[in-house]
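Data file: start32.cif. Format and content: mmCIF, C-alpha atoms.
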data_query
loop_
_atom_site.label_atom_id
_atom_site.label_comp_id
_atom_site.auth_asym_id
_atom_site.auth_seq_id
_atom_site.Cartn_x
_atom_site.Cartn_y
_atom_site.Cartn_z
CA MET R 44 16.76 50.46 5.51
CA PRO R 45 17.63 46.93 6.76
CA SER R 46 21.30 46.38 7.45
CA LEU R 47 23.27 43.64 5.75
CA ASP R 48 23.43 41.78 9.04
CA ALA R 49 19.66 41.84 9.46
CA THR R 50 19.19 40.63 5.88
CA LEU R 51 21.70 37.81 6.32
CA ALA R 52 20.11 36.78 9.59
CA ARG R 53 16.84 36.37 7.75
CA ILE R 54 18.29 34.45 4.81
CA VAL R 55 20.74 32.13 6.58
CA PRO R 56 18.25 30.21 8.77
CA ARG R 57 16.18 29.66 5.67
CA VAL R 58 19.11 28.21 3.74
CA TYR R 59 20.03 26.15 6.77
CA ARG R 60 16.48 24.89 7.12
CA TRP R 61 16.26 23.37 3.67
CA ALA R 62 19.81 22.19 3.68
CA MET R 63 19.25 20.21 6.85
CA GLU R 64 15.66 19.08 6.53
CA ASN R 65 14.76 18.58 2.91
CA PHE R 66 17.78 18.49 0.68
CA THR R 67 18.93 14.91 -0.01
CA PRO R 68 21.87 15.33 -2.41
CA LEU R 69 23.34 11.83 -2.07
CA SER R 70 20.20 9.81 -2.81
CA ALA R 71 19.35 12.37 -5.49
CA ALA R 72 22.73 11.89 -7.20
CA ILE R 73 22.58 8.07 -7.01
CA GLY R 74 18.97 7.95 -8.20
CA GLY R 75 19.70 10.45 -10.96
CA ALA R 76 22.70 8.41 -12.11
CA LEU R 77 20.45 5.31 -12.31
CA ILE R 78 17.94 7.24 -14.44
CA GLY R 79 20.81 8.34 -16.68
CA LEU R 80 22.09 4.76 -16.86
CA ALA R 81 18.64 3.59 -18.00
CA ALA R 82 18.52 6.29 -20.70
CA ALA R 83 22.06 5.47 -21.85
CA LEU R 84 21.40 1.71 -21.96
CA LEU R 85 18.15 2.13 -23.91
CA MET R 86 19.99 4.14 -26.57
CA LEU R 87 22.98 1.75 -26.63
CA SER R 88 20.83 -1.39 -26.87
CA LEU R 89 17.66 -0.39 -28.77
CA GLY R 90 18.63 3.01 -30.14
CA ARG R 91 15.61 4.64 -28.52
CA ILE R 92 15.10 7.77 -26.43
CA ALA R 93 13.94 7.03 -22.88
CA GLY R 94 11.09 9.51 -22.81
CA VAL R 95 8.22 8.12 -20.78
CA SER R 96 5.48 10.27 -22.36
CA GLY R 97 6.67 9.28 -25.85
CA ILE R 98 6.91 5.60 -24.90
CA VAL R 99 3.44 5.54 -23.33
CA GLY R 100 1.96 7.72 -26.10
CA GLY R 101 3.22 5.30 -28.74
CA LEU R 102 1.92 2.36 -26.76
CA ILE R 103 -1.67 3.61 -26.69
CA GLY R 104 -1.42 5.32 -30.10
CA ALA R 105 -0.66 4.20 -33.61
CA ALA R 106 2.99 3.17 -33.16
CA ALA R 107 3.85 -0.20 -34.70
CA ASP R 108 6.63 -1.05 -32.23
CA LYS R 109 4.56 -1.73 -29.13
CA ALA R 110 6.56 -4.62 -27.61
CA TRP R 111 9.59 -2.69 -26.33
CA ARG R 112 7.32 0.14 -25.17
CA ALA R 113 5.15 -2.24 -23.14
CA ALA R 114 8.29 -3.87 -21.72
CA PHE R 115 9.72 -0.51 -20.60
CA VAL R 116 6.45 0.42 -18.88
CA ALA R 117 6.34 -3.02 -17.23
CA GLY R 118 9.88 -2.53 -15.92
CA LEU R 119 8.94 0.87 -14.55
CA ILE R 120 5.99 -0.61 -12.61
CA LEU R 121 8.00 -3.67 -11.57
CA ALA R 122 10.67 -1.58 -9.83
CA PRO R 123 8.51 -0.51 -6.85
CA LEU R 124 7.05 -4.03 -6.61
CA ALA R 125 10.53 -5.59 -6.48
CA ALA R 126 11.63 -2.96 -3.96
CA GLY R 127 8.65 -4.04 -1.85
CA LEU R 128 10.03 -7.60 -1.75
CA VAL R 129 13.25 -6.38 -0.15
CA GLY R 130 11.51 -4.17 2.38
CA PHE R 131 11.23 -0.76 0.62
CA ARG R 132 7.49 -0.33 0.57
CA LEU R 133 6.25 2.38 -1.78
CA ALA R 134 3.32 3.98 0.04
CA PRO R 135 0.42 5.42 -1.98
CA PRO R 136 1.45 9.05 -2.50
CA PRO R 137 -0.52 11.91 -0.96
CA MET R 138 -2.64 13.35 -3.77
CA PRO R 139 -5.12 16.22 -4.03
CA GLY R 140 -8.54 15.19 -2.74
CA SER R 141 -10.44 16.86 -5.56
CA TRP R 142 -11.04 14.53 -8.50
CA VAL R 143 -11.63 17.58 -10.70
CA ILE R 144 -8.02 18.69 -10.10
CA LEU R 145 -6.70 15.15 -10.66
CA VAL R 146 -8.53 14.82 -13.98
CA ALA R 147 -7.62 18.34 -15.14
CA ALA R 148 -3.96 17.83 -14.24
CA GLY R 149 -3.88 14.41 -15.93
CA LEU R 150 -5.44 15.78 -19.12
CA LEU R 151 -2.97 18.69 -19.17
CA VAL R 152 0.02 16.38 -18.63
CA GLY R 153 -1.16 13.91 -21.29
CA PHE R 154 -2.12 16.44 -23.96
CA GLY R 155 0.76 18.81 -23.16
CA THR R 156 3.53 16.21 -23.28
CA ARG R 157 2.29 14.88 -26.64
CA LEU R 158 1.90 18.37 -28.14
CA GLY R 159 5.28 19.48 -26.77
CA GLY R 160 6.96 16.22 -27.82
CA GLY R 161 8.24 15.11 -24.42
CA CYS R 162 8.30 15.32 -20.63
CA THR R 163 10.84 15.43 -17.81
CA SER R 164 12.65 12.34 -19.10
CA GLY R 165 12.51 12.86 -22.89
CA HIS R 166 13.18 16.62 -22.89
CA GLY R 167 14.62 17.15 -19.41
CA VAL R 168 17.15 14.31 -19.35
CA CYS R 169 17.63 12.90 -22.88
CA GLY R 170 17.06 16.15 -24.80
CA PHE R 171 19.22 18.18 -22.46
CA ALA R 172 21.97 15.56 -22.80
CA ARG R 173 21.79 15.96 -26.61
CA LEU R 174 21.99 19.75 -26.06
CA SER R 175 18.84 20.08 -28.17
CA PRO R 176 17.61 23.70 -28.18
CA ARG R 177 14.01 22.42 -28.35
CA SER R 178 14.43 20.28 -25.27
CA ILE R 179 16.28 22.93 -23.28
CA ALA R 180 13.53 25.45 -24.11
CA ALA R 181 10.77 22.94 -23.26
CA THR R 182 12.40 22.03 -19.93
CA LEU R 183 12.80 25.67 -18.87
CA ILE R 184 9.19 26.41 -19.89
CA PHE R 185 7.54 23.44 -18.15
CA MET R 186 9.61 23.91 -15.00
CA GLY R 187 8.92 27.64 -14.92
CA THR R 188 5.19 27.09 -15.48
CA ALA R 189 5.04 24.42 -12.76
CA MET R 190 6.82 26.76 -10.32
CA VAL R 191 4.32 29.54 -11.07
CA VAL R 192 1.38 27.15 -10.58
CA VAL R 193 2.77 25.91 -7.24
CA ALA R 194 3.35 29.52 -6.14
CA ILE R 195 -0.28 30.37 -6.96
CA VAL R 196 -1.72 27.23 -5.33
CA ARG R 197 0.42 27.33 -2.17
CA HIS R 198 1.02 31.03 -1.65
CA GLY R 199 -2.04 32.49 -3.29
CA LEU R 200 -0.15 34.79 -5.64
CA GLY R 201 -2.50 36.65 -7.91
CA GLY R 202 -5.54 35.00 -6.34
CA MET I 133 15.71 -9.84 -26.58
CA LEU I 134 14.66 -6.29 -27.49
CA ALA I 135 11.82 -6.42 -25.00
CA LEU I 136 14.04 -7.90 -22.31
CA ALA I 137 16.60 -5.10 -22.66
CA SER I 138 13.80 -2.54 -22.60
CA LEU I 139 12.28 -4.16 -19.50
CA LEU I 140 15.64 -3.89 -17.76
CA CYS I 141 15.98 -0.22 -18.75
CA GLY I 142 12.49 0.54 -17.44
CA PHE I 143 13.36 -1.31 -14.24
CA ILE I 144 16.60 0.66 -13.72
CA PHE I 145 14.73 3.88 -14.50
CA GLY I 146 12.12 2.99 -11.86
CA CYS I 147 14.85 2.17 -9.32
CA GLY I 148 16.35 5.61 -9.97
CA LEU I 149 12.99 7.25 -9.31
CA LEU I 150 12.66 5.25 -6.07
CA VAL I 151 16.18 5.91 -4.77
CA SER I 152 15.93 9.65 -5.46
CA ASP I 153 12.35 9.66 -4.10
CA MET I 154 11.13 11.32 -7.30
CA VAL I 155 8.15 8.94 -7.10
CA SER I 156 6.89 11.18 -4.29
CA PRO I 157 4.81 14.15 -5.51
CA ALA I 158 5.60 15.89 -2.20
CA LYS I 159 9.33 15.72 -2.94
CA VAL I 160 8.81 17.06 -6.48
CA LEU I 161 6.47 19.84 -5.28
CA ALA I 162 9.10 20.84 -2.68
CA PHE I 163 11.45 21.54 -5.60
CA LEU I 164 8.80 23.45 -7.54
CA ASP I 165 7.86 25.49 -4.43
CA VAL I 166 10.59 28.13 -4.68
CA LEU I 167 8.76 30.44 -2.26
CA GLY I 168 8.49 27.77 0.46
CA ALA I 169 11.13 25.59 2.14
CA TRP I 170 12.84 24.97 -1.18
CA ASP I 171 14.34 21.51 -1.79
CA PRO I 172 16.86 21.49 -4.66
CA SER I 173 17.08 17.65 -4.78
CA LEU I 174 15.32 17.39 -8.17
CA ALA I 175 18.00 19.59 -9.74
CA VAL I 176 20.68 17.20 -8.44
CA VAL I 177 18.73 14.20 -9.83
CA MET I 178 18.57 15.86 -13.24
CA ALA I 179 22.22 16.92 -13.19
CA ALA I 180 23.41 13.40 -12.32
CA ALA I 181 21.09 11.85 -14.91
CA LEU I 182 22.32 14.32 -17.52
CA VAL I 183 26.00 13.53 -16.99
CA VAL I 184 25.48 9.75 -17.27
CA THR I 185 23.12 10.10 -20.26
CA TRP I 186 25.53 12.46 -22.00
CA ILE I 187 28.36 9.92 -21.67
CA GLY I 188 26.10 7.07 -22.83
CA PHE I 189 24.87 9.06 -25.83
CA ALA I 190 28.44 10.00 -26.80
CA ILE I 191 29.35 6.28 -26.84
CA ALA I 192 26.17 5.48 -28.80
CA ARG I 193 27.00 8.11 -31.42
CA ARG I 194 30.54 6.83 -31.79
CA ARG I 195 29.35 3.22 -32.19
CA GLY I 196 26.84 4.31 -34.81
CA ARG I 197 24.33 1.53 -34.40
CA PRO I 198 22.74 0.05 -31.29
CA LEU I 199 23.50 -3.48 -30.08
CA LEU I 200 20.08 -4.97 -30.78
CA ASP I 201 18.60 -2.89 -33.59
CA ALA I 202 19.48 -1.51 -37.00
CA GLN I 203 19.81 2.17 -36.14
CA CYS I 204 19.60 4.80 -33.43
CA ASP I 205 16.38 6.80 -33.46
CA TRP I 206 17.75 10.28 -32.69
CA PRO I 207 15.07 13.01 -32.68
CA THR I 208 15.46 15.19 -35.76
CA LYS I 209 13.53 18.36 -34.91
CA THR I 210 15.53 21.41 -33.88
CA ALA I 211 13.21 24.44 -34.11
CA VAL I 212 11.48 25.85 -31.04
CA ASP I 213 7.92 26.14 -32.41
CA ALA I 214 4.47 27.04 -31.06
CA PRO I 215 3.34 23.44 -30.31
CA LEU I 216 6.49 22.90 -28.24
CA VAL I 217 5.92 26.06 -26.19
CA ILE I 218 2.15 25.55 -25.72
CA GLY I 219 2.63 21.85 -24.92
CA ALA I 220 5.34 22.63 -22.35
CA VAL I 221 3.11 25.25 -20.66
CA MET I 222 0.20 22.77 -20.48
CA PHE I 223 2.42 20.01 -19.13
CA GLY I 224 4.00 22.36 -16.58
CA ALA I 225 0.57 23.47 -15.36
CA GLY I 226 -0.58 19.87 -14.82
CA TRP I 227 2.74 18.91 -13.22
CA GLY I 228 2.51 21.83 -10.79
CA LEU I 229 -1.08 20.98 -9.81
CA VAL I 230 -0.34 17.42 -8.67
CA GLY I 231 3.45 16.92 -8.69
CA LEU I 232 3.38 13.91 -11.00
CA CYS I 233 5.01 13.74 -14.43
CA PRO I 234 4.58 10.66 -16.67
CA GLY I 235 7.49 8.54 -15.31
CA PRO I 236 6.63 8.73 -11.61
CA ALA I 237 2.90 8.51 -12.45
CA VAL I 238 3.44 5.16 -14.20
CA ALA I 239 5.74 3.86 -11.43
CA ASN I 240 3.12 4.82 -8.83
CA LEU I 241 0.58 2.56 -10.58
CA ALA I 242 2.24 -0.19 -8.50
CA THR I 243 0.59 1.27 -5.38
CA LEU I 244 -2.89 0.83 -6.94
CA SER I 245 -3.83 4.11 -5.25
CA PRO I 246 -7.19 5.28 -6.67
CA PRO I 247 -6.12 8.94 -7.15
CA VAL I 248 -3.02 7.76 -9.08
CA LEU I 249 -5.17 5.46 -11.25
CA LEU I 250 -7.53 8.38 -11.98
CA PHE I 251 -4.62 10.71 -12.80
CA VAL I 252 -3.02 8.17 -15.16
CA ALA I 253 -6.39 7.44 -16.83
CA ALA I 254 -6.84 11.20 -17.44
CA MET I 255 -3.25 11.40 -18.74
CA LEU I 256 -3.89 8.59 -21.23
CA ALA I 257 -7.15 10.31 -22.23
CA GLY I 258 -5.21 13.55 -22.79
CA MET I 259 -2.73 11.73 -25.03
CA THR I 260 -5.56 10.09 -26.99
CA LEU I 261 -7.36 13.45 -27.35
CA HIS I 262 -4.17 14.93 -28.73
CA ASP I 263 -3.79 12.14 -31.29
CA LEU I 264 -7.44 12.46 -32.38
CA TRP I 265 -7.15 16.25 -32.69
CA GLN I 266 -3.90 15.88 -34.64
CA ARG I 267 -5.48 13.35 -37.03
CA ARG I 268 -8.51 15.58 -37.62
CA ARG I 269 -6.24 18.54 -38.32
CA THR I 270 -4.18 16.58 -40.85
CA THR I 271 -7.21 15.32 -42.76
CA ALA I 272 -8.89 18.76 -42.67
CA ALA I 273 -5.88 20.68 -43.96
CA PRO I 274 -3.34 18.44 -45.68
CA SER I 275 -0.38 20.79 -45.72
CA PRO I 276 3.31 19.87 -45.37
CA SER I 277 3.44 21.50 -41.93
CA ALA I 278 0.63 19.35 -40.60
CA THR I 279 2.57 16.10 -40.39
CA PRO I 280 1.92 13.98 -37.29
CA VAL I 281 3.91 14.99 -34.26
CA GLU I 282 7.38 13.57 -34.15
CA ALA I 283 8.17 13.13 -30.49
CA ASP I 284 11.45 14.26 -28.96
CA GLY I 285 11.09 11.82 -26.10
#

Starting from the file, lay out its structure as structure tokens.
Amino acid sequence: MPSLDATLARIVPRVYRWAMENFTPLSAAIGGALIGLAAALLMLSLGRIAGVSGIVGGLIGAAADKAWRAAFVAGLILAPLAAGLVGFRLAPPPMPGSWVILVAAGLLVGFGTRLGGGCTSGHGVCGFARLSPRSIAATLIFMGTAMVVVAIVRHGLGG
Amino acid sequence: MLALASLLCGFIFGCGLLVSDMVSPAKVLAFLDVLGAWDPSLAVVMAAALVVTWIGFAIARRRGRPLLDAQCDWPTKTAVDAPLVIGAVMFGAGWGLVGLCPGPAVANLATLSPPVLLFVAAMLAGMTLHDLWQRRRTTAAPSPSATPVEADG
């Protein structure tokens, strides 16, 4: 039976490793606050929920109010371009090489967010802030599912 | 004026994604990878966003109506139903495969990276497929439960 010391010795370096190398709490808190500010301002000015899948879905779908939706999307794309002007270049992100995976993932995200009524912003931020049971359930389910998928893909669980 | 305010909100939202590095699928996948070198940053992003949004929404509710429009469009659904659960599972699966959810995917269009363009095109196709399927279902079986999806966000 492993002693408590041996167990701790195994766990502590691991905690230390992520705490030092990956975890970026300050930029995460500032960035998160900005996302919250955007969601708050959109509700205070237009009375709309800042859910990106809903905004985009309405833009390409049958929604009548396309102008504000298009403007929000434009702002979202403009941010990295403006950041580029002041020296923060957004590099093309590393993506899976297989186009089959890209298309399958895109279809799942598009269909799933419309069927489920929201994504990380609409359910995860705005819905959670309204303490909506639907949004809290949706957020826990999509996060849990994503964690299982990553575990299978990266660590080969069940495969 | 409406569009200008919305543009500003989208811009601030995008800046938040950039500052927190949530535009990077690698950063997001590091949060989702609980068995690897786990990075809890995404949880901090969400917590900070939640607090600010919660305060903003409380003010919005107290004011009653928004500055530039007639009324606040609060989502009305409350029940956890099958479409919500199935949709969340599908979205989670796609999110876990690539590490992009709709916000960061749209912001990454600025890089003009071909894989991002392909992913976003597939995402838009998925949304369109959903709308077509929903419309077919409503015309095939016009029941009160088959009203078009009312989005939460």

Select from region 83-191 of chain R every residue with an atom at most 10 Å from any atom of region 253-260 of chain I, then for each give the shortest pair of atoms and their distance in Å to one decimal, using all atoms listed in the file, rows by chain and rising number, as a tab-separated table.
residue	atom	partner	partner_atom	distance
R:Ser96	CA	I:Met259	CA	8.8
R:Gly97	CA	I:Met259	CA	9.7
R:Val99	CA	I:Leu256	CA	8.2
R:Gly100	CA	I:Met259	CA	6.3
R:Gly101	CA	I:Met259	CA	9.5
R:Ile103	CA	I:Thr260	CA	7.6
R:Gly104	CA	I:Thr260	CA	7.0
R:Leu145	CA	I:Ala254	CA	7.8
R:Val146	CA	I:Ala254	CA	5.3
R:Ala147	CA	I:Ala254	CA	7.5
R:Ala148	CA	I:Met255	CA	7.9
R:Gly149	CA	I:Met255	CA	4.2
R:Leu150	CA	I:Gly258	CA	4.3
R:Leu151	CA	I:Gly258	CA	6.7
R:Val152	CA	I:Met255	CA	6.0
R:Gly153	CA	I:Met255	CA	4.1
R:Phe154	CA	I:Gly258	CA	4.4
R:Gly155	CA	I:Gly258	CA	8.0
R:Thr156	CA	I:Met259	CA	7.9
R:Arg157	CA	I:Met259	CA	6.1
R:Leu158	CA	I:Met259	CA	8.7

message: Taking all atoms listed in the file into account, name the residue in I:Thr208, I:Ala192, I:Gly231, I:Phe163 that is nearest to chain R.
response: I:Ala192

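Using all atoms listed in the file, the nearest neighbour of Leu164 (chain I) within the list R:Ala194, R:Ala181, R:Leu84, R:Leu69 is R:Ala194.
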
Could you give me, as a compact mmCIF listing (two decimals) with C-alpha atoms, keeping the file's coordinate frame, the residues within 8 Å of Gly187 (chain R), counting all atoms listed in the file and dropping anything in the same chain fewer than 4 positions from it?
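Result file selection01.txt:
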# COMPACT_ATOMS: atom_id res chain seq x y z
CA LEU R 183 12.80 25.67 -18.87
CA VAL R 191 4.32 29.54 -11.07
CA GLY I 224 4.00 22.36 -16.58

query: Using only C-alpha atoms, which of R:Arg173, R:Thr182, R:Trp142, R:Ile92 sits nearest Gly159 (chain R)?
result: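 Of the candidates, the smallest distance to Gly159 (chain R) is held by R:Thr182.
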
- request: Work out how far apart CA of Val217 (chain I) and CA of Thr185 (chain I) are and give it in Å to one decimal.
  value: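 These atoms are spaced 24.2 Å apart.
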
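Residues lying within 10 Å of Ala237 (chain I), counting all atoms listed in the file and ignoring same-chain neighbours fewer than 5 positions away, are Val95, Leu119, Ile120 and Gly149 of chain R; Val155, Ser156, Pro157, Gly231, Leu232, Ala242, Val248, Leu249, Phe251, Val252 and Met255 of chain I.
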
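Closest approach to chain R among I:Val221, I:Ala272, I:Leu264, I:Val160: I:Val221, based on all atoms listed in the file.
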
field: Atom-to-atom span, CA of Gly75 (chain R) and CA of Pro207 (chain I), Å
entry: 22.4 Å

task: Could you check how far CA of Ile179 (chain R) sits from CA of Ala83 (chain R), in Å to one decimal?
output: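 One can read the CA of Ile179 (chain R) to CA of Ala83 (chain R) distance as 18.4 Å.
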
Among listed residues R:Val143, R:Val192, R:Leu47, R:Ala105, nearest chain I (using all atoms listed in the file):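 Of R:Val143, R:Val192, R:Leu47, R:Ala105, the one nearest chain I is R:Val192, counting all atoms listed in the file.
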
query: Counting all atoms listed in the file, which of I:Gly226, I:Gly219, I:Gly285, I:Pro247 gets nearest to Ala82 (chain R)?
result: I:Gly285

message: Applying the PyMOL selection byres ((chain I and resi 165) around 9) to the file I just gave you, which residues come out? Please list them as a ChimeraX atom specification.
response: /R:189-191,193-194,197 /I:160-164,166-171

Test item: residues at most 7 Å from region 108-112 of chain R, all atoms listed in the file, excluding those fewer than 5 positions along its chain, as a CSV table (one decimal) with C-alpha atoms, in the coordinates of the input:
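result-v3.csv written:
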chain,number,residue,atom,x,y,z
R,98,ILE,CA,6.9,5.6,-24.9
R,99,VAL,CA,3.4,5.5,-23.3
R,102,LEU,CA,1.9,2.4,-26.8
I,134,LEU,CA,14.7,-6.3,-27.5
I,135,ALA,CA,11.8,-6.4,-25.0
I,138,SER,CA,13.8,-2.5,-22.6

message: Which residues are close to Ala190 (chain I), i.e. within 12 Å by only C-alpha atoms, leaving aside same-chain residues fewer than 4 positions away? Reply as a ChimeraX atom specification.
response: /R:83-84,86-87,169,172-174 /I:182-186,194-196

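Using only C-alpha atoms, the residues found no farther than 9 Å from Ala180 (chain R), other than those of its own chain fewer than 6 positions away, are His166 of chain R; Val212, Leu216, Val217 and Ala220 of chain I.
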
message: Selection in question (the file shown): the PyMOL selection byres ((chain R and resi 76) around 9). Which residues does it include, as a list in words?
response: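 Selected by the PyMOL selection byres ((chain R and resi 76) around 9) here: Ala71, Ala72, Ile73, Gly74, Gly75, Leu77, Ile78, Gly79, Leu80 and Ala81 of chain R; Gly148, Val177, Met178, Ala179, Ala180, Ala181, Leu182, Val183, Val184 and Thr185 of chain I.
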